[in-house]
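Here's the structure, in structure tokens; my notes come after.
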There are 6 protein chains.
Amino acid sequence: MEINEKSNVLVVSGHAADYVWRAGGTIAKYIKHGAHVKVIVLSCGVRGESNDLWKQPGQTAESVLKMRKSESMAAAKCLGITDLEFWDYQDYYMHLDDDDKIERLATTIRNFKPIHIITHGELDLLNPDHDEVNKFVFKASVLAISNGVKISGTEASTQTRIFGFEPHQPEICNFKPEVIIDITETMEMKKVAMNCFMAQSHLIEYYAMRAFVRGNHAKRLSGNQSYKFAEAFTRRFPYVGDWLV
Amino acid sequence: MEINEKSNVLVVSGHAADYVWRAGGTIAKYIKHGAHVKVIVLSCGVRGESNDLWKQPGQTAESVLKMRKSESMAAAKCLGITDLEFWDYQDYYMHLDDDDKIERLATTIRNFKPIHIITHGELDLLNPDHDEVNKFVFKASVLAISNGVKISGTEASTQTRIFGFEPHQPEICNFKPEVIIDITETMEMKKVAMNCFMAQSHLIEYYAMRAFVRGNHAKRLSGNQSYKFAEAFTRRFPYVGDWLV
Amino acid sequence: MEINEKSNVLVVSGHAADYVWRAGGTIAKYIKHGAHVKVIVLSCGVRGESNDLWKQPGQTAESVLKMRKSESMAAAKCLGITDLEFWDYQDYYMHLDDDDKIERLATTIRNFKPIHIITHGELDLLNPDHDEVNKFVFKASVLAISNGVKISGTEASTQTRIFGFEPHQPEICNFKPEVIIDITETMEMKKVAMNCFMAQSHLIEYYAMRAFVRGNHAKRLSGNQSYKFAEAFTRRFPYVGDWLV
Amino acid sequence: MEINEKSNVLVVSGHAADYVWRAGGTIAKYIKHGAHVKVIVLSCGVRGESNDLWKQPGQTAESVLKMRKSESMAAAKCLGITDLEFWDYQDYYMHLDDDDKIERLATTIRNFKPIHIITHGELDLLNPDHDEVNKFVFKASVLAISNGVKISGTEASTQTRIFGFEPHQPEICNFKPEVIIDITETMEMKKVAMNCFMAQSHLIEYYAMRAFVRGNHAKRLSGNQSYKFAEAFTRRFPYVGDWLV
Amino acid sequence: MEINEKSNVLVVSGHAADYVWRAGGTIAKYIKHGAHVKVIVLSCGVRGESNDLWKQPGQTAESVLKMRKSESMAAAKCLGITDLEFWDYQDYYMHLDDDDKIERLATTIRNFKPIHIITHGELDLLNPDHDEVNKFVFKASVLAISNGVKISGTEASTQTRIFGFEPHQPEICNFKPEVIIDITETMEMKKVAMNCFMAQSHLIEYYAMRAFVRGNHAKRLSGNQSYKFAEAFTRRFPYVGDWLV
Amino acid sequence: MEINEKSNVLVVSGHAADYVWRAGGTIAKYIKHGAHVKVIVLSCGVRGESNDLWKQPGQTAESVLKMRKSESMAAAKCLGITDLEFWDYQDYYMHLDDDDKIERLATTIRNFKPIHIITHGELDLLNPDHDEVNKFVFKASVLAISNGVKISGTEASTQTRIFGFEPHQPEICNFKPEVIIDITETMEMKKVAMNCFMAQSHLIEYYAMRAFVRGNHAKRLSGNQSYKFAEAFTRRFPYVGDWLV
């Protein structure tokens, strides 16, 4: 597969930092090789993913929101992302089942025409928002490809591949790696991006080790000794193509 | 992935016709594009997969064996296979757990150095031989890559990808397609090859329809309207690589 | 089990053609042997299952709706169905979680007193409407049998058996056939009924082959050589009865 | 683990009697040894779990509600429960997905600070209310521990263990016992408590036998011959601690 | 399904009492209605299932064997069984993977031509012998139906249905009831038969309660109030037939 | 649970280093608090787990065996283990299904009377030896507790708890942490022990990170901030006890 400026990849992130922890290396790699990656942050995670910020006395929701957004923008820049959208939905607990929200995302998919969508996988036993995002993205993708769903100014797109993020505790979430992407060449960029998030500093070391562990798996499963760091994903549908991969 | 004369693919088939029903189109495609495909037929299926032949009065095991082998050779030829081995183990019920047999296959793997191994998947609820072959191939592949396993005249090979055939009744065998290969360009060759097997004529129409059904899935999942026929496989390990596939 | 005019069977179909593709042969067989089959079509699938119709320039929702309904009526007639209801809910994406809709179906169940309900199974990885219908029917069936749920003019019914349709791509939807019904005697009627759907012509050949494939399974699993075509279903609850079946 | 008056245990029961059938012995044991157990009954089950009461001519919802509540209070007393709340939500079919209800429970969790929460497990194939309660309790528990979720007069609590009730037909609900609690010393109290429920008399013998069956399992799995009666639970998260248990 | 003297049912029991605990009521019912039930006891369970007998001082293997066999014969008589075979294999740990043993059972199947085989299910987490029996029976059944497997004096039989016993602790063994048989009319016979086993007296009350529990499930799932006691089984293959069951 | 000199823990390790990578911290902790831990190393892994050693020119099996054994003894010493047995079975591929080997382990269990057995879990998709060990230990444990299994000089022991190691790539092996043990206090000992294995130096960093990752999980799931490093295990049977854990 050749990656170039026509390779559109859509990332839908539940909260302000999810796309960095879970797919930052892959995103940076796609961009570095010429792809256009659009990241949608559905919520800045003011309520659910900003614990450290709330420990400051006199903290307010406005201030947390501002800080999280600014951190997310900084991290995106580190990864080379130039197309970043904040949809500012409320988190904890997210409600994404209404027609307007689903149509909004379907519209984006039709206009952006991604070859891949990367978002949360099917189950996160510790975070109900992530499960809601998974269902939301899937429904929108189904509407996007159906030409009977009329959305002004758009045309039905074609079926895209949908990949799922690795959750924080993969085994208890039934997560099985189906696609492991080598991120050795962008691992440093990911580390810099992760360091933008002050509210979740405890996760920076964690996700660096996770990348090392997946890199070890990548090396063992492929026999390719140059793999050092990796990110793992699920794939919603079977692979279809010309050759066994 | 570029396919050429260095692309070695090893197919391990429990019985004389399994590789044709389950992977004939894929094998023919690899060969057509320059790959070297070696097929090992562990057993000719005299006891378990020759029901129609045994209906003839005065039938003998020798005659059935001869006929099955000759059919299998004819079918292989139709697919372009020039490297076909018969190991002549007994079927129904196959015993493949002894060290000699495992070492024999490990030796073959080390010498042939396949990029892929294709064989029976983990469960065939209707055929215990197929399950035995699955375990056998896996054990041999593990021995092949371990350089502490000393086999005269060989060196340890590197980890290969292992793909599983679709069984006859996939759902009751927990079969989930993980890799679906378009065989539109070799479907006619597969049909001709299938027609070589007189003892299992009822399967010819069945596997033609199966290829159509999988072709429909391939089209639906990929949006690629040129896909008409396909074969499905499981993959023993996650995909590892540079890009999402 | 004797089938007669007291054998009421309720079929709840998400869209205008689902009951035909997935259970047309079984429905026709029940009717042919004297049963009363009521089919409820929750939605005509104007948005999600009418792709071909929408390709015509100047197409409108009214016209698509009219055409789908008329096709569905024609197909029903081919199968011998005389009791067909259109509930005209919106599809893509269906919302069936409100009390009014659930009570409406519970009322129907109480009045119709089906021995079986046939509807969508638990998971359709490609179609979120189908999953919504599955949950909807189950909730309504639970309300129907509870005599504390007061619905004017009705009395609580007794527990019915609930069977699930085979989805379009069964393996990726965790579909396992639990009940396979021989439809050899009504296969021709099913074919004629399928041919009524102009908007989904690509499915006609597909579901004919599917019936052949399931017929092959039926033959192999039962040893009954007269089985040629079949339809497969899941069963929500265990079988309970006097003898092993 | 030492049980004392600081050992707060929260039980969230879908209907008026669930906590008795499924955890009565365990609750009584905790109380007997000094713990504080708070039981929240979300609904009295007027519509869905009062079938016998509704058989009386002229029965009204008010009368059923009164009777169920009074039975539940009597049973609670038998178990030693002094902290019992009725939230009086409608059952069949329960809607617990709105923010107010979730925040109400999150508030309770923050104020009560339970070491354990016991509630319905993940799947009850026969009762959709129970599944709704499971999701509801989980969401509330997530909000309770997040200090960005501001609820007047409360502070974020710490992660608690969540245990799942055994459903009525465990195997078809994918229920696997993960924690089996010996209730030999409180079995008599449980029996007395169960006898308070006139509307579900058929369940009293059933749950007595269930306790015997689980007691047999407890004995077999532990080798401890003093175990005679037991209750089984699932655990939402892995056990974490100092020693293998 | 009409049961008569041509309804041959084969039961393969790992140890001397398994067929009584797990299928005694069903066996007695088949016999009472005219079927021919053949029971094969592979082992008398001298080592693994005679704990109480071994507590007697001076006990010998010969004496235990004699006692177990005599108890099993007495129990068989209570159920109406006249065709009981002891194959006297060693238990704990059973080895059933050699060709002679498999062919012996295949021969029996070919000669007896059962419509059903009832034996141990796929997993018994507490008893490895039971798992070995499951695999053994399946392999023999496959050989029996293949006409290329030549066994002097026999002809290939047709595919039979295979049902699995409920293990002692069903949930931890992934046991799901698929077929629940009402044994109300033979429950008394089963109780009398169970009382023949002195070495496992603790199981008599246990399996009586189990039958009550399954009877409750049968009643609830079918709405048939006459069901009081039942036995549950798995079914190896899907049901195939003319009508939904 | 109080740990003291009567707390016997048996660890059965497939190869020379498995017990260190997978349970070294837990073993050291038990010993530090007074327990008696016996480690059995079934094989030194000359063929399958000594890749680095075999890279040396002129290497011999004798020399590898000697080195692996000496490394394993050194590592054991670092963990405080004084009871270490080498059974010197061949690895790659291990055959542990014969009666003599099973009886040998059963004898050890009867004599040692462990409260816990720790060994390989049910599936290691990359290593067939580990699966063989799992089955072997289970069978021996069943024989050990059955008093009809006569082994000279021994008496039947009681049922023990059996815990499973975490495999190298947990998710693809269906591994779910069921018991997570804090090893913060012995992590340094584990690191020192791991450094004894020259043939698998690439694993030392890997398992250090794994302990960090599990420590993060332990902290998150328990709320206990003092947890820094941990090891995860499966548990073969449900927990049985007096209180919810």
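Order determines the names: the first chain of the structure tokens is A, the second B, and so forth; residues in each chain are numbered 1 upward, and ligands are numbered 1 upward as they are shown.
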
Up to 10 Å from chain B, what residues of chain C turn up? Count only C-alpha atoms and give them as a PyMOL selection string.
chain C and resi 126+168-178+202-203+205-210+212-214+216-217+220-221

All residues 9 Å or closer to D:His36, only C-alpha atoms, same chain fewer than 5 positions away omitted, as a JSON list (two decimals) with N, CA, C and O atoms, in the first residue's frame:
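Wrote around_22.json, looks like this:
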```
[["chain", "number", "residue", "atom", "x", "y", "z"],
["D", 4, "ASN", "N", -16.08, -5.26, 59.95],
["D", 4, "ASN", "CA", -16.52, -4.52, 61.14],
["D", 4, "ASN", "C", -17.49, -3.41, 60.75],
["D", 4, "ASN", "O", -17.93, -3.34, 59.61],
["D", 5, "GLU", "N", -17.77, -2.53, 61.67],
["D", 5, "GLU", "CA", -18.82, -1.53, 61.39],
["D", 5, "GLU", "C", -18.40, -0.52, 60.33],
["D", 5, "GLU", "O", -19.22, 0.26, 59.85],
["D", 6, "LYS", "N", -17.13, -0.56, 59.94],
["D", 6, "LYS", "CA", -16.70, 0.33, 58.86],
["D", 6, "LYS", "C", -16.77, -0.34, 57.48],
["D", 6, "LYS", "O", -16.43, 0.27, 56.48],
["D", 7, "SER", "N", -17.18, -1.60, 57.50],
["D", 7, "SER", "CA", -17.26, -2.33, 56.24],
["D", 7, "SER", "C", -18.60, -2.04, 55.58],
["D", 7, "SER", "O", -19.59, -2.72, 55.83],
["D", 8, "ASN", "N", -18.63, -1.02, 54.76],
["D", 8, "ASN", "CA", -19.88, -0.66, 54.09],
["D", 8, "ASN", "C", -20.05, -1.48, 52.81],
["D", 8, "ASN", "O", -19.15, -1.52, 51.98],
["D", 9, "VAL", "N", -21.21, -2.08, 52.68],
["D", 9, "VAL", "CA", -21.51, -2.86, 51.48],
["D", 9, "VAL", "C", -22.80, -2.31, 50.89],
["D", 9, "VAL", "O", -23.81, -2.18, 51.59],
["D", 10, "LEU", "N", -22.75, -2.01, 49.60],
["D", 10, "LEU", "CA", -23.93, -1.48, 48.92],
["D", 10, "LEU", "C", -24.52, -2.54, 48.01],
["D", 10, "LEU", "O", -23.80, -3.13, 47.20],
["D", 30, "TYR", "N", -22.64, -10.66, 56.42],
["D", 30, "TYR", "CA", -21.91, -9.41, 56.61],
["D", 30, "TYR", "C", -22.47, -8.63, 57.80],
["D", 30, "TYR", "O", -21.73, -8.12, 58.64],
["D", 31, "ILE", "N", -23.80, -8.55, 57.87],
["D", 31, "ILE", "CA", -24.42, -7.79, 58.97],
["D", 31, "ILE", "C", -24.13, -8.46, 60.31],
["D", 31, "ILE", "O", -23.78, -7.80, 61.29],
["D", 81, "ILE", "N", -31.16, -6.31, 57.93],
["D", 81, "ILE", "CA", -30.93, -5.05, 57.20],
["D", 81, "ILE", "C", -31.70, -3.92, 57.88],
["D", 81, "ILE", "O", -32.91, -4.02, 58.09],
["D", 82, "THR", "N", -31.00, -2.83, 58.18],
["D", 82, "THR", "CA", -31.68, -1.67, 58.78],
["D", 82, "THR", "C", -31.65, -0.48, 57.84],
["D", 82, "THR", "O", -32.25, 0.54, 58.11],
["D", 83, "ASP", "N", -30.92, -0.61, 56.76],
["D", 83, "ASP", "CA", -30.77, 0.52, 55.83],
["D", 83, "ASP", "C", -31.29, 0.09, 54.46],
["D", 83, "ASP", "O", -30.56, -0.49, 53.66]]
```

Please, which residues of stretch 107-174 of chain E, numbered as in this document, come out strand (DSSP E) from DSSP, as number ranges by chain?
E: 116-119, 161-164

So which residues touch F:Leu79 within 10 Å, counting only C-alpha atoms, skipping near sequence neighbours fewer than 6 positions away, as a short mmCIF file (atom, residue, chain, number, x, y, z; two decimals) with C-alpha atoms, in the first residue's frame?
```
data_model
loop_
_atom_site.label_atom_id
_atom_site.label_comp_id
_atom_site.auth_asym_id
_atom_site.auth_seq_id
_atom_site.Cartn_x
_atom_site.Cartn_y
_atom_site.Cartn_z
CA VAL F 20 11.34 -16.52 37.17
CA GLY F 24 9.55 -14.69 40.42
CA GLY F 25 8.22 -11.80 42.46
CA THR F 26 5.39 -13.80 43.93
CA ILE F 27 7.66 -16.71 44.83
CA ALA F 28 10.16 -14.40 46.53
CA LYS F 29 7.36 -12.75 48.48
CA TYR F 30 5.99 -16.04 49.76
CA ILE F 31 9.44 -17.16 50.83
CA LYS F 32 10.25 -13.82 52.45
CA THR F 186 10.33 -8.17 45.91
CA GLU F 188 14.40 -5.89 43.05
CA MET F 189 14.96 -9.56 43.85
CA LYS F 190 13.13 -10.54 40.68
CA LYS F 191 15.31 -8.23 38.60
CA VAL F 192 18.45 -9.73 40.02
CA ALA F 193 17.13 -13.23 39.41
CA MET F 194 16.19 -12.44 35.82
#
```

Please identify which residues in stretch 12-229 of chain F DSSP calls helix (DSSP H, G or I) from the backbone, and express them as number ranges by chain.
F: 18-32, 51-54, 61-79, 99-112, 128-145, 171-173, 184-194, 198-200, 202-222

Residue nearest D:Ala211 - candidates D:Ala232, D:Val179, D:Cys78, D:Cys44, atoms counted: only C-alpha atoms
D:Ala232

As a list in words, please: the residues near F:Glu132 (cut-off 8 Å, only C-alpha atoms, same-chain neighbours under 2 positions excluded).
Met94, His95, Leu96, Pro128, Asp129, His130, Asn134, Lys135 and Phe136 of chain F

Quick one: write out the picked residues with N, CA, C and O atoms as a PDB file, in the first residue's frame?
```
ATOM      1  N   MET F  94       7.670 -31.534  24.303  1.00  0.00           N
ATOM      2  CA  MET F  94       7.511 -32.347  25.517  1.00  0.00           C
ATOM      3  C   MET F  94       6.378 -33.355  25.374  1.00  0.00           C
ATOM      4  O   MET F  94       5.300 -33.010  24.919  1.00  0.00           O
ATOM      5  N   HIS F  95       6.617 -34.565  25.852  1.00  0.00           N
ATOM      6  CA  HIS F  95       5.569 -35.584  25.945  1.00  0.00           C
ATOM      7  C   HIS F  95       5.365 -35.914  27.416  1.00  0.00           C
ATOM      8  O   HIS F  95       6.250 -36.499  28.034  1.00  0.00           O
ATOM      9  N   LEU F  96       4.250 -35.523  27.957  1.00  0.00           N
ATOM     10  CA  LEU F  96       4.033 -35.726  29.394  1.00  0.00           C
ATOM     11  C   LEU F  96       2.791 -36.550  29.678  1.00  0.00           C
ATOM     12  O   LEU F  96       2.252 -36.505  30.774  1.00  0.00           O
ATOM     13  N   PRO F 128       3.996 -24.938  22.441  1.00  0.00           N
ATOM     14  CA  PRO F 128       3.194 -26.129  22.750  1.00  0.00           C
ATOM     15  C   PRO F 128       3.638 -26.848  24.018  1.00  0.00           C
ATOM     16  O   PRO F 128       2.829 -27.524  24.659  1.00  0.00           O
ATOM     17  N   ASP F 129       4.885 -26.704  24.423  1.00  0.00           N
ATOM     18  CA  ASP F 129       5.332 -27.325  25.677  1.00  0.00           C
ATOM     19  C   ASP F 129       4.524 -26.813  26.863  1.00  0.00           C
ATOM     20  O   ASP F 129       4.162 -27.575  27.763  1.00  0.00           O
ATOM     21  N   HIS F 130       4.277 -25.527  26.876  1.00  0.00           N
ATOM     22  CA  HIS F 130       3.560 -24.941  28.017  1.00  0.00           C
ATOM     23  C   HIS F 130       2.150 -25.520  28.148  1.00  0.00           C
ATOM     24  O   HIS F 130       1.685 -25.780  29.255  1.00  0.00           O
ATOM     25  N   ASN F 134       0.521 -27.692  31.341  1.00  0.00           N
ATOM     26  CA  ASN F 134      -0.758 -27.382  31.977  1.00  0.00           C
ATOM     27  C   ASN F 134      -1.618 -28.630  32.146  1.00  0.00           C
ATOM     28  O   ASN F 134      -2.155 -28.895  33.225  1.00  0.00           O
ATOM     29  N   LYS F 135      -1.735 -29.406  31.093  1.00  0.00           N
ATOM     30  CA  LYS F 135      -2.565 -30.623  31.173  1.00  0.00           C
ATOM     31  C   LYS F 135      -1.951 -31.633  32.143  1.00  0.00           C
ATOM     32  O   LYS F 135      -2.656 -32.296  32.902  1.00  0.00           O
ATOM     33  N   PHE F 136      -0.650 -31.742  32.094  1.00  0.00           N
ATOM     34  CA  PHE F 136       0.084 -32.681  32.941  1.00  0.00           C
ATOM     35  C   PHE F 136      -0.153 -32.376  34.427  1.00  0.00           C
ATOM     36  O   PHE F 136      -0.473 -33.268  35.217  1.00  0.00           O
TER      37      PHE F 136
END
```

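Across the model, the gap from atom CA of A:Val240 to atom CA of B:Ile181 is 6.0 Å.
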
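Closest approach to D:Val245 among F:Ala199, F:Leu123, F:Ile115, F:Ile204: F:Ile115, based on only C-alpha atoms.
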
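With atom CA of D:Asp131 on one side and atom CA of D:Phe233 on the other, the separation reads 15.3 Å.
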
Would you pick out the contacts of A:Ile40 at 10 Å or less, using only C-alpha atoms, so that residues sharing its chain but fewer than 6 positions from it are not included, and give the list as a list in words?
Leu10, Val11, Val12, Ser13, Gly14, His15, Ala16, Tyr19, Asp83, Leu84, Glu85, Phe86, Trp87, Asp88, Leu105, Thr108 and Thr119 of chain A

Take the residues from that selection and write them out as a PDB file, in the first residue's frame, keeping N, CA and C atoms.
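Dumped everything to again36.pdb:
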```pdb
ATOM      1  N   LEU A  10      -9.157   8.986   9.155  1.00  0.00           N
ATOM      2  CA  LEU A  10      -9.973   9.696  10.137  1.00  0.00           C
ATOM      3  C   LEU A  10      -9.807   9.038  11.502  1.00  0.00           C
ATOM      4  N   VAL A  11      -9.488   9.851  12.494  1.00  0.00           N
ATOM      5  CA  VAL A  11      -9.358   9.345  13.857  1.00  0.00           C
ATOM      6  C   VAL A  11     -10.429   9.999  14.717  1.00  0.00           C
ATOM      7  N   VAL A  12     -11.230   9.175  15.387  1.00  0.00           N
ATOM      8  CA  VAL A  12     -12.265   9.716  16.271  1.00  0.00           C
ATOM      9  C   VAL A  12     -11.906   9.344  17.699  1.00  0.00           C
ATOM     10  N   SER A  13     -11.598  10.371  18.479  1.00  0.00           N
ATOM     11  CA  SER A  13     -11.061  10.195  19.826  1.00  0.00           C
ATOM     12  C   SER A  13     -12.105  10.627  20.846  1.00  0.00           C
ATOM     13  N   GLY A  14     -12.417   9.751  21.787  1.00  0.00           N
ATOM     14  CA  GLY A  14     -13.421  10.089  22.786  1.00  0.00           C
ATOM     15  C   GLY A  14     -13.055  11.328  23.580  1.00  0.00           C
ATOM     16  N   HIS A  15     -11.801  11.382  24.021  1.00  0.00           N
ATOM     17  CA  HIS A  15     -11.369  12.490  24.877  1.00  0.00           C
ATOM     18  C   HIS A  15     -10.105  13.117  24.294  1.00  0.00           C
ATOM     19  N   ALA A  16      -9.618  14.122  24.976  1.00  0.00           N
ATOM     20  CA  ALA A  16      -8.572  14.972  24.412  1.00  0.00           C
ATOM     21  C   ALA A  16      -7.247  14.261  24.161  1.00  0.00           C
ATOM     22  N   TYR A  19      -6.305   9.748  21.409  1.00  0.00           N
ATOM     23  CA  TYR A  19      -5.651   9.469  20.120  1.00  0.00           C
ATOM     24  C   TYR A  19      -4.137   9.461  20.247  1.00  0.00           C
ATOM     25  N   ASP A  83      -5.024  18.959  11.059  1.00  0.00           N
ATOM     26  CA  ASP A  83      -6.486  18.945  10.914  1.00  0.00           C
ATOM     27  C   ASP A  83      -7.089  18.344  12.177  1.00  0.00           C
ATOM     28  N   LEU A  84      -7.375  19.216  13.136  1.00  0.00           N
ATOM     29  CA  LEU A  84      -7.840  18.769  14.458  1.00  0.00           C
ATOM     30  C   LEU A  84      -9.145  19.483  14.783  1.00  0.00           C
ATOM     31  N   GLU A  85     -10.193  18.713  15.099  1.00  0.00           N
ATOM     32  CA  GLU A  85     -11.492  19.324  15.418  1.00  0.00           C
ATOM     33  C   GLU A  85     -11.914  18.955  16.842  1.00  0.00           C
ATOM     34  N   PHE A  86     -12.450  19.943  17.543  1.00  0.00           N
ATOM     35  CA  PHE A  86     -13.027  19.680  18.869  1.00  0.00           C
ATOM     36  C   PHE A  86     -14.539  19.796  18.756  1.00  0.00           C
ATOM     37  N   TRP A  87     -15.238  18.726  19.113  1.00  0.00           N
ATOM     38  CA  TRP A  87     -16.701  18.786  18.991  1.00  0.00           C
ATOM     39  C   TRP A  87     -17.372  19.137  20.324  1.00  0.00           C
ATOM     40  N   ASP A  88     -16.594  19.159  21.360  1.00  0.00           N
ATOM     41  CA  ASP A  88     -17.039  19.692  22.659  1.00  0.00           C
ATOM     42  C   ASP A  88     -18.314  19.061  23.217  1.00  0.00           C
ATOM     43  N   LEU A 105     -21.419  13.213  12.055  1.00  0.00           N
ATOM     44  CA  LEU A 105     -20.230  12.417  11.755  1.00  0.00           C
ATOM     45  C   LEU A 105     -20.345  11.766  10.371  1.00  0.00           C
ATOM     46  N   THR A 108     -19.256  14.222   7.884  1.00  0.00           N
ATOM     47  CA  THR A 108     -17.792  14.329   7.867  1.00  0.00           C
ATOM     48  C   THR A 108     -17.167  13.184   7.078  1.00  0.00           C
ATOM     49  N   THR A 119     -10.719   4.359  15.784  1.00  0.00           N
ATOM     50  CA  THR A 119     -11.468   4.865  16.936  1.00  0.00           C
ATOM     51  C   THR A 119     -11.444   3.825  18.058  1.00  0.00           C
TER      52      THR A 119
END
```

When you look at stretch 58-66 of chain E with a cut-off of 10 Å (counting only C-alpha atoms), what residues show up, excluding the ones that are within fewer than 3 positions of it in the same chain? I need them as a PyMOL selection string.
(chain E and resi 16+43-47+50-51+53-55+69-72+88+199) or (chain F and resi 148-150)
